[in-house]
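Undergrad: Got a file for you: input-v1.txt, compact mmCIF, C-alpha atoms (C1' of nucleotides).
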```
# COMPACT_ATOMS: atom_id res chain seq x y z
CA MET A 1 12.99 1.59 -39.36
CA PHE A 2 9.90 0.17 -41.08
CA LYS A 3 8.30 1.86 -44.01
CA TYR A 4 5.99 0.79 -46.80
CA GLU A 5 5.62 2.77 -49.98
CA VAL A 6 3.27 1.88 -52.76
CA ILE A 7 5.11 2.69 -55.97
CA LYS A 8 2.63 1.48 -58.54
CA VAL A 9 -1.03 0.52 -58.60
CA CYS A 10 -2.41 -1.52 -61.49
CA LYS A 11 -5.24 0.47 -63.07
CA GLN A 12 -6.91 -2.74 -64.17
CA THR A 13 -7.01 -4.50 -60.78
CA GLY A 14 -5.80 -2.23 -57.99
CA ALA A 15 -2.90 -4.61 -57.34
CA ARG A 16 0.18 -2.87 -56.00
CA ILE A 17 3.92 -2.89 -56.27
CA GLY A 18 5.50 -1.67 -53.07
CA ARG A 19 8.78 -1.18 -51.27
CA PHE A 20 8.83 -2.49 -47.75
CA THR A 21 11.82 -1.25 -45.78
CA THR A 22 13.01 -3.37 -42.84
CA PRO A 23 16.15 -3.39 -40.68
CA HIS A 24 17.62 -6.10 -42.90
CA GLY A 25 16.82 -4.59 -46.22
CA VAL A 26 14.11 -3.60 -48.62
CA ILE A 27 11.52 -6.08 -49.83
CA GLU A 28 9.78 -5.41 -53.08
CA THR A 29 6.19 -6.59 -53.05
CA PRO A 30 4.31 -8.60 -54.15
CA VAL A 31 6.58 -11.16 -52.57
CA PHE A 32 6.60 -14.86 -51.97
CA MET A 33 8.40 -15.95 -48.81
CA PRO A 34 9.74 -19.50 -48.54
CA VAL A 35 9.29 -21.22 -45.20
CA GLY A 36 12.25 -22.26 -43.08
CA THR A 37 10.38 -23.64 -40.11
CA LYS A 38 13.33 -24.80 -38.08
CA ALA A 39 15.72 -22.07 -39.22
CA THR A 40 16.31 -23.70 -42.56
CA VAL A 41 14.38 -24.02 -45.77
CA LYS A 42 14.45 -27.79 -45.81
CA SER A 43 17.44 -29.15 -47.71
CA LEU A 44 18.70 -25.74 -48.91
CA SER A 45 21.47 -23.44 -47.75
CA PRO A 46 20.64 -19.75 -47.21
CA GLU A 47 22.87 -18.98 -50.19
CA GLU A 48 20.77 -21.23 -52.40
CA VAL A 49 17.56 -19.65 -51.14
CA ALA A 50 18.96 -16.20 -51.88
CA GLU A 51 20.21 -17.29 -55.30
CA ALA A 52 16.71 -18.49 -56.13
CA GLY A 53 15.63 -14.89 -55.57
CA SER A 54 14.10 -14.98 -52.10
CA GLN A 55 14.07 -11.61 -50.39
CA ILE A 56 12.78 -12.77 -47.02
CA MET A 57 12.42 -16.07 -45.23
CA LEU A 58 9.93 -17.35 -42.70
CA SER A 59 10.76 -19.21 -39.56
CA ASN A 60 8.75 -20.52 -36.68
CA THR A 61 8.35 -19.59 -33.04
CA TYR A 62 6.89 -22.84 -31.82
CA HIS A 63 9.50 -25.07 -33.41
CA LEU A 64 12.49 -22.95 -32.43
CA TYR A 65 11.15 -22.61 -28.90
CA LEU A 66 11.08 -26.40 -28.57
CA ARG A 67 14.41 -26.90 -30.32
CA PRO A 68 16.98 -25.51 -29.88
CA GLY A 69 15.23 -23.01 -27.60
CA HIS A 70 14.84 -19.29 -28.19
CA GLU A 71 17.38 -18.40 -25.51
CA LEU A 72 20.01 -20.36 -27.36
CA VAL A 73 19.19 -18.59 -30.60
CA LYS A 74 19.43 -15.30 -28.74
CA ALA A 75 22.79 -16.33 -27.30
CA ALA A 76 23.94 -17.13 -30.81
CA GLY A 77 23.30 -13.52 -31.71
CA GLY A 78 19.77 -13.91 -33.02
CA LEU A 79 18.20 -15.87 -35.80
CA HIS A 80 19.87 -14.00 -38.66
CA LYS A 81 23.30 -14.75 -37.32
CA PHE A 82 22.40 -18.25 -36.11
CA MET A 83 21.28 -19.38 -39.56
CA ASN A 84 23.53 -17.04 -41.54
CA TRP A 85 20.71 -15.30 -43.38
CA ASN A 86 21.23 -11.58 -43.56
CA ARG A 87 18.05 -10.64 -45.33
CA PRO A 88 14.73 -10.01 -43.57
CA ILE A 89 13.07 -12.77 -41.54
CA LEU A 90 9.47 -13.18 -40.47
CA THR A 91 8.56 -15.49 -37.62
CA ASP A 92 5.16 -17.04 -37.30
CA SER A 93 3.79 -16.85 -33.79
CA GLY A 94 2.99 -20.48 -33.09
CA GLY A 95 -0.71 -19.85 -33.49
CA PHE A 96 -0.86 -22.08 -36.51
CA GLN A 97 0.93 -24.91 -34.70
CA VAL A 98 -1.63 -24.75 -31.94
CA PHE A 99 -4.18 -25.28 -34.69
CA SER A 100 -2.40 -27.92 -36.75
CA LEU A 101 -0.98 -29.89 -33.82
CA SER A 102 -4.37 -29.86 -32.23
CA THR A 103 -4.28 -33.18 -30.40
CA LEU A 104 -3.88 -32.72 -26.69
CA ARG A 105 -4.20 -28.99 -26.41
CA LYS A 106 -6.37 -26.77 -24.31
CA VAL A 107 -7.29 -23.26 -25.43
CA THR A 108 -8.48 -20.76 -22.85
CA ASP A 109 -8.71 -16.99 -22.88
CA ASP A 110 -5.41 -16.85 -21.07
CA GLY A 111 -3.51 -18.93 -23.61
CA VAL A 112 -2.92 -22.41 -24.88
CA GLN A 113 -1.69 -25.45 -23.05
CA PHE A 114 -0.26 -28.09 -25.30
CA ASN A 115 1.98 -31.10 -25.34
CA SER A 116 5.17 -31.06 -27.33
CA PHE A 117 4.92 -33.30 -30.36
CA ILE A 118 8.54 -34.24 -29.73
CA ASP A 119 8.48 -35.60 -26.21
CA GLY A 120 4.98 -34.98 -24.90
CA SER A 121 6.18 -32.40 -22.37
CA LYS A 122 3.63 -29.79 -21.30
CA HIS A 123 3.97 -26.18 -22.38
CA PHE A 124 1.87 -23.08 -22.02
CA PHE A 125 1.79 -20.37 -24.67
CA THR A 126 0.29 -16.97 -24.09
CA PRO A 127 0.35 -13.98 -26.42
CA GLU A 128 3.04 -12.49 -24.20
CA LYS A 129 5.09 -15.68 -24.32
CA SER A 130 4.90 -15.81 -28.11
CA ILE A 131 6.12 -12.23 -28.39
CA GLU A 132 8.84 -12.81 -25.84
CA ILE A 133 10.12 -15.77 -27.88
CA GLN A 134 9.90 -13.81 -31.11
CA GLN A 135 11.83 -10.95 -29.55
CA ALA A 136 14.54 -13.38 -28.53
CA LEU A 137 14.66 -14.83 -32.02
CA GLY A 138 14.96 -11.33 -33.44
CA ALA A 139 13.07 -11.57 -36.71
CA ASP A 140 12.27 -8.34 -38.50
CA ILE A 141 8.58 -9.12 -38.74
CA ILE A 142 6.80 -10.90 -35.93
CA MET A 143 3.27 -12.21 -35.93
CA ALA A 144 0.49 -11.85 -33.39
CA PHE A 145 -0.51 -14.98 -31.53
CA ASP A 146 -3.88 -15.84 -33.03
CA GLU A 147 -6.48 -18.57 -32.95
CA CYS A 148 -6.84 -20.20 -36.34
CA THR A 149 -9.96 -22.19 -37.12
CA ALA A 150 -10.36 -24.99 -39.66
CA ALA A 151 -12.60 -24.79 -42.69
CA GLY A 152 -16.01 -26.00 -41.65
CA THR A 153 -15.89 -24.51 -38.15
CA ASP A 154 -19.34 -23.28 -37.19
CA ARG A 155 -20.17 -19.64 -36.80
CA ALA A 156 -20.24 -19.56 -33.01
CA ARG A 157 -16.81 -21.12 -32.67
CA SER A 158 -15.46 -18.89 -35.44
CA GLU A 159 -16.79 -15.78 -33.73
CA GLU A 160 -15.25 -16.89 -30.47
CA ALA A 161 -11.90 -17.23 -32.24
CA VAL A 162 -12.26 -13.74 -33.74
CA ILE A 163 -12.89 -12.24 -30.31
CA ARG A 164 -10.10 -14.20 -28.68
CA THR A 165 -7.70 -13.32 -31.49
CA ALA A 166 -8.52 -9.63 -31.03
CA ASP A 167 -8.04 -9.89 -27.28
CA TRP A 168 -4.73 -11.67 -27.74
CA LEU A 169 -3.67 -9.09 -30.31
CA LYS A 170 -4.04 -6.30 -27.78
CA ARG A 171 -1.92 -8.26 -25.33
CA CYS A 172 0.71 -8.93 -28.01
CA TYR A 173 0.74 -5.28 -28.90
CA ASP A 174 1.00 -4.00 -25.34
CA PHE A 175 3.73 -6.47 -24.51
CA HIS A 176 5.66 -5.62 -27.64
CA LYS A 177 5.34 -1.83 -27.42
CA GLU A 178 8.63 -1.29 -25.63
CA ASN A 179 10.52 -3.16 -28.32
CA GLY A 180 8.68 -1.89 -31.33
CA GLU A 181 11.53 -0.19 -33.13
CA LYS A 182 13.50 -3.26 -34.04
CA GLN A 183 10.60 -5.48 -34.96
CA ILE A 184 7.25 -4.84 -36.53
CA LEU A 185 4.20 -6.71 -35.28
CA PHE A 186 1.67 -7.91 -37.84
CA PRO A 187 -1.84 -8.46 -36.52
CA ILE A 188 -3.82 -11.35 -38.01
CA ILE A 189 -7.37 -11.29 -39.29
CA GLN A 190 -9.52 -14.37 -38.66
CA GLY A 191 -13.24 -14.97 -39.25
CA ASN A 192 -13.22 -18.31 -41.02
CA MET A 193 -15.51 -18.31 -44.08
CA TYR A 194 -18.05 -15.84 -42.69
CA ALA A 195 -18.07 -12.49 -44.48
CA ASP A 196 -19.34 -10.49 -41.54
CA LEU A 197 -16.82 -12.08 -39.17
CA ARG A 198 -14.04 -11.30 -41.62
CA ARG A 199 -15.07 -7.65 -41.66
CA GLU A 200 -15.42 -7.60 -37.89
CA SER A 201 -12.03 -9.19 -37.36
CA LEU A 202 -10.38 -6.80 -39.79
CA LYS A 203 -11.94 -3.83 -38.04
CA ARG A 204 -10.68 -5.05 -34.67
CA THR A 205 -7.11 -5.39 -35.95
CA LEU A 206 -6.87 -1.91 -37.46
CA PRO A 207 -5.80 -0.06 -34.30
CA TYR A 208 -2.82 -2.38 -34.00
CA ALA A 209 -1.78 -2.51 -37.63
CA LYS A 210 1.18 -0.13 -37.90
CA CYS A 211 3.08 -1.33 -40.93
CA GLY A 212 1.52 -4.60 -42.00
CA ILE A 213 -1.61 -6.69 -41.66
CA ALA A 214 -2.10 -10.39 -42.15
CA ILE A 215 -4.97 -12.57 -43.26
CA GLY A 216 -5.00 -15.87 -41.42
CA GLY A 217 -7.47 -18.70 -41.25
CA LEU A 218 -7.54 -19.20 -44.99
CA SER A 219 -5.96 -22.02 -46.94
CA VAL A 220 -7.09 -24.29 -44.16
CA GLY A 221 -8.95 -26.82 -46.27
CA GLU A 222 -11.64 -24.71 -47.97
CA GLU A 223 -12.14 -24.66 -51.73
CA LYS A 224 -10.20 -21.98 -53.56
CA PRO A 225 -13.30 -20.01 -54.71
CA VAL A 226 -14.35 -19.74 -51.06
CA MET A 227 -10.97 -18.26 -50.21
CA TYR A 228 -11.25 -15.79 -53.09
CA GLU A 229 -14.69 -14.78 -51.87
CA MET A 230 -13.30 -14.01 -48.42
CA LEU A 231 -10.52 -11.96 -49.98
CA ASP A 232 -13.11 -10.05 -51.99
CA VAL A 233 -14.99 -9.27 -48.80
CA MET A 234 -11.91 -7.68 -47.24
CA LYS A 235 -10.36 -6.13 -50.32
CA GLU A 236 -11.62 -2.58 -49.88
CA LEU A 237 -11.12 -2.47 -46.12
CA TYR A 238 -7.36 -2.76 -45.70
CA PRO A 239 -5.26 0.28 -44.91
CA GLU A 240 -3.49 1.45 -48.09
CA ASN A 241 -0.14 2.29 -46.60
CA MET A 242 0.98 -1.11 -45.39
CA PRO A 243 1.53 -4.58 -46.87
CA ARG A 244 -1.19 -7.21 -46.66
CA TYR A 245 0.04 -10.69 -46.00
CA LEU A 246 -2.01 -13.75 -46.91
CA MET A 247 -0.73 -16.52 -44.69
CA GLY A 248 -0.17 -20.04 -45.93
CA VAL A 249 -0.80 -19.42 -49.59
CA GLY A 250 1.62 -20.53 -52.23
CA SER A 251 0.06 -22.21 -55.22
CA ALA A 252 0.53 -20.21 -58.41
CA ASP A 253 -3.18 -19.69 -59.07
CA CYS A 254 -3.89 -18.56 -55.50
CA ILE A 255 -0.98 -16.14 -55.60
CA ILE A 256 -2.15 -14.32 -58.70
CA GLU A 257 -5.76 -14.35 -57.52
CA GLY A 258 -4.58 -13.00 -54.20
CA ILE A 259 -2.53 -10.20 -55.72
CA ILE A 260 -5.53 -9.18 -57.81
CA ARG A 261 -7.43 -8.97 -54.53
CA GLY A 262 -4.90 -6.62 -52.98
CA ILE A 263 -2.47 -9.03 -51.32
CA ASP A 264 1.24 -8.14 -51.17
CA MET A 265 2.88 -10.99 -49.27
CA PHE A 266 2.58 -14.77 -49.29
CA ASP A 267 4.25 -17.69 -47.62
CA CYS A 268 3.82 -21.38 -48.11
CA VAL A 269 5.51 -24.73 -47.57
CA LEU A 270 3.95 -26.00 -50.78
CA PRO A 271 6.84 -25.39 -53.18
CA THR A 272 9.41 -27.06 -50.96
CA ARG A 273 7.17 -29.83 -49.71
CA ILE A 274 5.92 -30.94 -53.11
CA ALA A 275 9.48 -30.62 -54.38
CA ARG A 276 10.69 -33.21 -51.90
CA ASN A 277 7.75 -35.36 -52.94
CA GLY A 278 8.68 -35.14 -56.61
CA THR A 279 6.53 -32.37 -58.08
CA ALA A 280 7.76 -29.35 -60.02
CA MET A 281 5.66 -26.20 -60.32
CA THR A 282 5.59 -24.75 -63.82
CA PHE A 283 3.66 -22.26 -65.92
CA SER A 284 1.98 -25.30 -67.48
CA GLY A 285 0.87 -26.73 -64.15
CA ASP A 286 2.33 -29.21 -61.72
CA LEU A 287 4.78 -31.63 -63.26
CA CYS A 288 5.10 -34.89 -61.38
CA ILE A 289 8.68 -35.75 -62.22
CA ARG A 290 8.29 -39.34 -61.02
CA ASN A 291 6.01 -40.12 -63.93
CA ALA A 292 7.30 -42.62 -66.45
CA GLY A 293 7.00 -40.19 -69.32
CA TYR A 294 10.03 -38.24 -68.08
CA LYS A 295 12.29 -41.27 -67.94
CA ASP A 296 14.25 -40.23 -71.02
CA ASP A 297 13.18 -36.60 -71.22
CA PHE A 298 16.42 -34.67 -71.41
CA ARG A 299 14.84 -31.24 -71.48
CA PRO A 300 15.09 -29.06 -68.35
CA VAL A 301 12.30 -29.30 -65.80
CA GLU A 302 10.85 -26.11 -67.32
CA GLU A 303 11.94 -24.63 -70.61
CA GLY A 304 13.01 -21.02 -70.19
CA CYS A 305 13.53 -21.23 -66.43
CA ASP A 306 16.74 -19.64 -65.19
CA CYS A 307 17.05 -21.60 -61.95
CA TYR A 308 20.09 -23.64 -60.97
CA CYS A 309 18.20 -26.87 -61.60
CA CYS A 310 16.95 -25.98 -65.05
CA ARG A 311 20.26 -24.45 -66.13
CA ASN A 312 22.16 -27.63 -65.35
CA TYR A 313 20.01 -30.74 -65.18
CA SER A 314 17.39 -32.65 -67.12
CA ARG A 315 14.00 -34.03 -66.19
CA ALA A 316 15.43 -37.49 -66.70
CA TYR A 317 18.17 -36.81 -64.18
CA VAL A 318 15.90 -35.24 -61.58
CA ARG A 319 13.43 -38.09 -62.03
CA HIS A 320 16.23 -40.55 -61.51
CA LEU A 321 17.27 -38.79 -58.29
CA ILE A 322 13.73 -38.61 -56.94
CA ASN A 323 12.96 -42.20 -57.85
CA THR A 324 16.12 -43.44 -56.17
CA ASP A 325 15.51 -41.37 -53.02
CA GLU A 326 18.56 -39.24 -53.56
CA ILE A 327 18.42 -36.04 -51.49
CA PHE A 328 19.76 -33.98 -54.36
CA GLY A 329 16.52 -34.49 -56.30
CA GLY A 330 14.45 -32.84 -53.58
CA ARG A 331 17.00 -30.06 -53.37
CA LEU A 332 16.92 -29.37 -57.09
CA LEU A 333 13.14 -29.28 -57.22
CA SER A 334 12.99 -27.07 -54.12
CA ILE A 335 15.28 -24.60 -55.83
CA HIS A 336 13.20 -24.78 -58.99
CA ASN A 337 9.85 -24.35 -57.23
CA ILE A 338 11.00 -21.39 -55.16
CA ARG A 339 12.50 -19.81 -58.24
CA PHE A 340 9.27 -20.51 -60.12
CA LEU A 341 7.19 -18.55 -57.61
CA HIS A 342 9.66 -15.66 -57.73
CA ARG A 343 9.54 -15.68 -61.54
CA LEU A 344 5.77 -15.68 -61.31
CA THR A 345 5.74 -12.63 -59.04
CA GLU A 346 8.25 -10.90 -61.30
CA LYS A 347 5.95 -11.41 -64.26
CA ILE A 348 3.03 -10.23 -62.20
CA LYS A 349 4.92 -7.07 -61.33
CA GLU A 350 5.57 -6.46 -65.01
CA ALA A 351 1.86 -6.78 -65.65
CA ILE A 352 1.07 -4.39 -62.79
CA ARG A 353 3.49 -1.84 -64.24
CA ALA A 354 1.73 -2.19 -67.57
CA ASP A 355 -1.73 -1.92 -65.98
CA ARG A 356 -2.70 -5.27 -67.43
CA LEU A 357 -2.70 -7.73 -64.54
CA LEU A 358 -6.19 -9.00 -65.30
CA ASP A 359 -5.17 -9.72 -68.88
CA TYR A 360 -2.06 -11.47 -67.68
CA ARG A 361 -4.09 -13.50 -65.22
CA ASN A 362 -6.38 -14.62 -68.02
CA GLU A 363 -3.41 -15.56 -70.17
CA ILE A 364 -1.83 -17.87 -67.60
CA ILE A 365 -4.57 -19.04 -65.25
CA ASP A 366 -5.53 -22.15 -67.17
CA GLY A 367 -1.91 -23.21 -67.48
CA ILE A 368 -0.97 -22.75 -63.85
CA SER A 369 -4.18 -24.34 -62.61
CA GLU A 370 -3.82 -27.37 -64.81
CA LYS A 371 -2.54 -30.62 -63.41
CA ARG A 372 -0.52 -32.00 -66.22
CA GLY A 373 0.88 -35.05 -64.37
C1' G B 1 24.70 -91.02 -58.38
C1' C B 2 23.98 -89.26 -53.22
C1' C B 3 23.04 -85.25 -49.66
C1' U B 4 21.25 -80.31 -48.47
C1' U B 5 18.42 -76.00 -49.34
C1' G B 6 15.04 -73.82 -52.20
C1' G B 7 10.66 -72.98 -56.13
C1' U B 8 5.12 -67.35 -53.64
C1' A B 9 3.45 -60.88 -58.20
C1' G B 10 7.58 -59.52 -64.44
C1' C B 11 11.96 -59.20 -60.76
C1' U B 12 13.92 -59.41 -55.35
C1' C B 13 12.03 -61.21 -50.94
C1' A B 14 8.11 -61.90 -46.51
C1' A B 15 4.37 -64.82 -44.04
C1' U B 16 0.83 -68.24 -41.35
C1' G B 17 -2.49 -75.37 -40.59
C1' G B 18 -7.75 -70.64 -41.08
C1' U B 19 -8.76 -63.56 -45.75
C1' A B 20 -1.05 -64.66 -48.90
C1' G B 21 2.30 -59.03 -47.52
C1' A B 22 6.29 -55.61 -48.97
C1' G B 23 9.93 -53.33 -52.16
C1' U B 24 10.70 -52.52 -57.19
C1' C B 25 6.89 -50.48 -61.24
C1' C B 26 2.48 -47.16 -62.26
C1' U B 27 -0.76 -43.06 -60.45
C1' G B 28 -2.53 -39.34 -57.14
C1' A B 29 -2.33 -35.94 -52.79
C1' C B 30 0.48 -32.09 -50.42
C1' G B 31 -1.88 -24.73 -49.05
C1' G B 32 1.34 -19.75 -41.84
C1' U B 33 6.00 -27.94 -42.36
C1' U B 34 4.85 -33.20 -36.61
C1' A B 35 5.95 -34.50 -43.97
C1' A B 36 13.06 -36.72 -48.25
C1' U B 37 5.69 -37.78 -46.23
C1' C B 38 1.04 -40.12 -47.22
C1' A B 39 -2.67 -42.64 -50.17
C1' G B 40 -4.22 -45.70 -54.19
C1' G B 41 -3.35 -49.27 -58.48
C1' C B 42 -1.48 -53.73 -61.55
C1' A B 43 0.34 -58.40 -60.26
C1' A B 44 1.78 -64.59 -57.20
C1' U B 45 1.87 -69.92 -53.85
C1' G B 46 6.27 -75.15 -60.01
C1' A B 47 3.15 -80.08 -61.36
C1' G B 48 0.39 -84.25 -59.50
C1' G B 49 -1.34 -87.02 -55.43
C1' G B 50 -2.22 -87.67 -49.92
C1' U B 51 -3.52 -86.21 -44.60
C1' U B 52 -7.13 -82.45 -42.68
C1' C B 53 -13.35 -79.34 -41.66
C1' A B 54 -9.29 -76.38 -43.77
C1' A B 55 -2.55 -77.01 -46.93
C1' C B 56 1.87 -71.85 -49.43
C1' C B 57 2.86 -74.46 -44.79
C1' C B 58 2.67 -81.43 -42.99
C1' C B 59 3.62 -86.35 -46.07
C1' C B 60 4.78 -88.85 -51.03
C1' U B 61 6.15 -88.65 -56.29
C1' C B 62 7.78 -85.71 -60.26
C1' U B 63 10.15 -81.41 -62.05
C1' C B 64 13.36 -77.19 -62.05
C1' A B 65 17.36 -74.31 -59.58
C1' A B 66 21.57 -73.47 -56.35
C1' G B 67 25.33 -75.49 -53.25
C1' G B 68 28.05 -79.68 -51.30
C1' C B 69 30.00 -84.84 -51.57
C1' A B 70 31.56 -88.50 -54.89
```
Would you give me this structure, written as structure tokens?

TA:
Amino acid sequence: MFKYEVIKVCKQTGARIGRFTTPHGVIETPVFMPVGTKATVKSLSPEEVAEAGSQIMLSNTYHLYLRPGHELVKAAGGLHKFMNWNRPILTDSGGFQVFSLSTLRKVTDDGVQFNSFIDGSKHFFTPEKSIEIQQALGADIIMAFDECTAAGTDRARSEEAVIRTADWLKRCYDFHKENGEKQILFPIIQGNMYADLRRESLKRTLPYAKCGIAIGGLSVGEEKPVMYEMLDVMKELYPENMPRYLMGVGSADCIIEGIIRGIDMFDCVLPTRIARNGTAMTFSGDLCIRNAGYKDDFRPVEEGCDCYCCRNYSRAYVRHLINTDEIFGGRLLSIHNIRFLHRLTEKIKEAIRADRLLDYRNEIIDGISEKRG
RNA sequence: GCCUUGGUAGCUCAAUGGUAGAGUCCUGACGGUUAAUCAGGCAAUGAGGGUUCAACCCCCUCUCAAGGCA
């Protein structure tokens, strides 16, 4: 049911193009996956997400467990049917929520006790519970329940998280074994910003990595060069025959730097979040559409972009919508930003096919890193 | 002519006898979504007196504006 084939390796960088077969279709990698935390990419319909070129969508165990409840989603016929998205879905395990909603939580070897951010009610997550929920939700790809540490966490605490994550991974794997045909489990590498812990964590995940492996604990507040350094440390150690998924990464520069370092999959809330806050991603850097300079700028958000927003509307119009708090503005920029990241990966794939990804990176890196305001 | 209510940031409005706030406007942040969120910036008490340790606030005069009555 799950298969990953590498169909092209860039001679200049080692970056890959691959075909990842899942029960809901084939994903061509490298791929960016938009995030639909609560079974929706905020403000967009599944049709709009698909039209923007998304092949797979993320959703979230923790949030759907709290509301509407995984049993309800199961009763609805599973997440695909519930949200009317027939392409592949990946659910995050809730591990990141334990990290980011860190007030009033208690982590032990058994699992995590935490209070709901909605009503304060007490809940207990274990690796088994996370998998059970993810099985009920029915995503194609499910994630191991891990312990994510913030940038700046000391070595001892980071090592503890690596060990606990490995222990939890085994429990996730054993619990999931019986149901392994319909869903693939991705283990997650931790290790914070310590090279040896990264290697150690990766090594511990290998026995459980069957058709996919994820890098967690990055993009948690560290500087980008630090993240790149960690990716360099792991680059030669991944299995070849499965996709590598860098969790939480979605800025244009990090995506191309990640692909150069062997990454095949990315997800991030960035494009949709900054869209709702009035920023468009472009090949010339972030464009803050609220800025006064776009008041009477009747060009599209990005010249040459084929997205629904750029085909039909001007910067002046989108700026007007954003500045008057009209929902449509956030929707248009969300569509544009998602489309932008897909266009970026398409161009990256072209460069991989031509064995010139490093050249392409050098051509665009200044532009996409630049904040043009 | 009389009565009433007002005069605070460029504009629209808050506020308190003791450091005058916000929206609009300008700028920035956002990395496995607690986010259509958050942070920062420019900018003001109509004029003159009085009471008070202290007045945007209380009192008087003037002035301007709106409404009402003649």

Undergrad: Distance cut-off 8 Å, counting all atoms listed in the file - which residues of chain B neighbour chain A? Return them as an mmCIF file with C-alpha atoms (C1' of nucleotides), in the frame of the given file.

TA:
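Produced file iface02.cif, reproduced below:
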```cif
data_model
loop_
_atom_site.group_PDB
_atom_site.id
_atom_site.type_symbol
_atom_site.label_atom_id
_atom_site.label_comp_id
_atom_site.auth_asym_id
_atom_site.auth_seq_id
_atom_site.Cartn_x
_atom_site.Cartn_y
_atom_site.Cartn_z
ATOM 1 C "C1'" C B 26 2.480 -47.160 -62.260
ATOM 2 C "C1'" C B 30 0.480 -32.090 -50.420
ATOM 3 C "C1'" G B 31 -1.880 -24.730 -49.050
ATOM 4 C "C1'" G B 32 1.340 -19.750 -41.840
ATOM 5 C "C1'" U B 33 6.000 -27.940 -42.360
ATOM 6 C "C1'" U B 34 4.850 -33.200 -36.610
ATOM 7 C "C1'" A B 35 5.950 -34.500 -43.970
ATOM 8 C "C1'" A B 36 13.060 -36.720 -48.250
ATOM 9 C "C1'" U B 37 5.690 -37.780 -46.230
#
```

Undergrad: Do you know which residues are at most 12 Å from Gly191 of chain A counting all atoms listed in the file, after dropping those on the same chain fewer than 6 positions away, and could you put them as a ChimeraX atom specification?

TA: /A:146-166,197-205,215-218,227,230-231,233-234

Undergrad: At what distance in Å, to one decimal, does atom CA of Val226 of chain A lie from atom CA of Asp253 of chain A?

TA: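 If I compute the distance from atom CA of Asp253 of chain A to atom CA of Val226 of chain A, I get 13.7 Å.
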
Undergrad: For Gly212 of chain A, find every residue with an atom within 8 Å (counting only C-alpha atoms (C1' of nucleotides)), except residues of its own chain fewer than 6 positions away, and show them as number ranges by chain.

TA: A: 184-187, 242-245

Undergrad: So how many Å separate atom C1' of C11 of chain B and atom C1' of U24 of chain B, to one decimal?

TA: 7.7 Å

Undergrad: For G10 of chain B, find every residue with an atom within 12 Å (counting only C-alpha atoms (C1' of nucleotides)), except residues of its own chain fewer than 6 positions away, and show them as a list in words.

TA: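 Using only C-alpha atoms (C1' of nucleotides), the neighbours found are U24, C25, C42, A43 and A44 of chain B.
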
Undergrad: I'd like the interatomic distance between atom CA of Asp264 of chain A and atom CA of Gly78 of chain A, to a tenth of an Å.

TA: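 Rounded to one decimal, the two atoms are 26.6 Å apart.
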
Undergrad: For segment 29-34 of chain B, take all atoms listed in the file, fit an axis-aligned box around them, add 8 Å to each of the six sides, then output centre and edge lengths in Å rounded to one decimal, as JSON.

TA:
```
{"center_x": 1.8, "center_y": -27.8, "center_z": -44.7, "size_x": 24.3, "size_y": 32.2, "size_z": 32.2}
```

Undergrad: So that I can see what lies close to Leu90 of chain A, please list as an MDAnalysis selection string the residues with an atom at most 7 Å from it, counting all atoms listed in the file and leaving out residues fewer than 5 positions away in the same chain.

TA: chainID A and resid 57:59 139:142

Undergrad: May I have the protein, DNA and RNA residues with an atom at most 9 Å from (26.6, -75.9, -50.8), counting all atoms listed in the file in the file's coordinates, returned as a list in words?

TA: U4, U5, A66, G67 and G68 of chain B
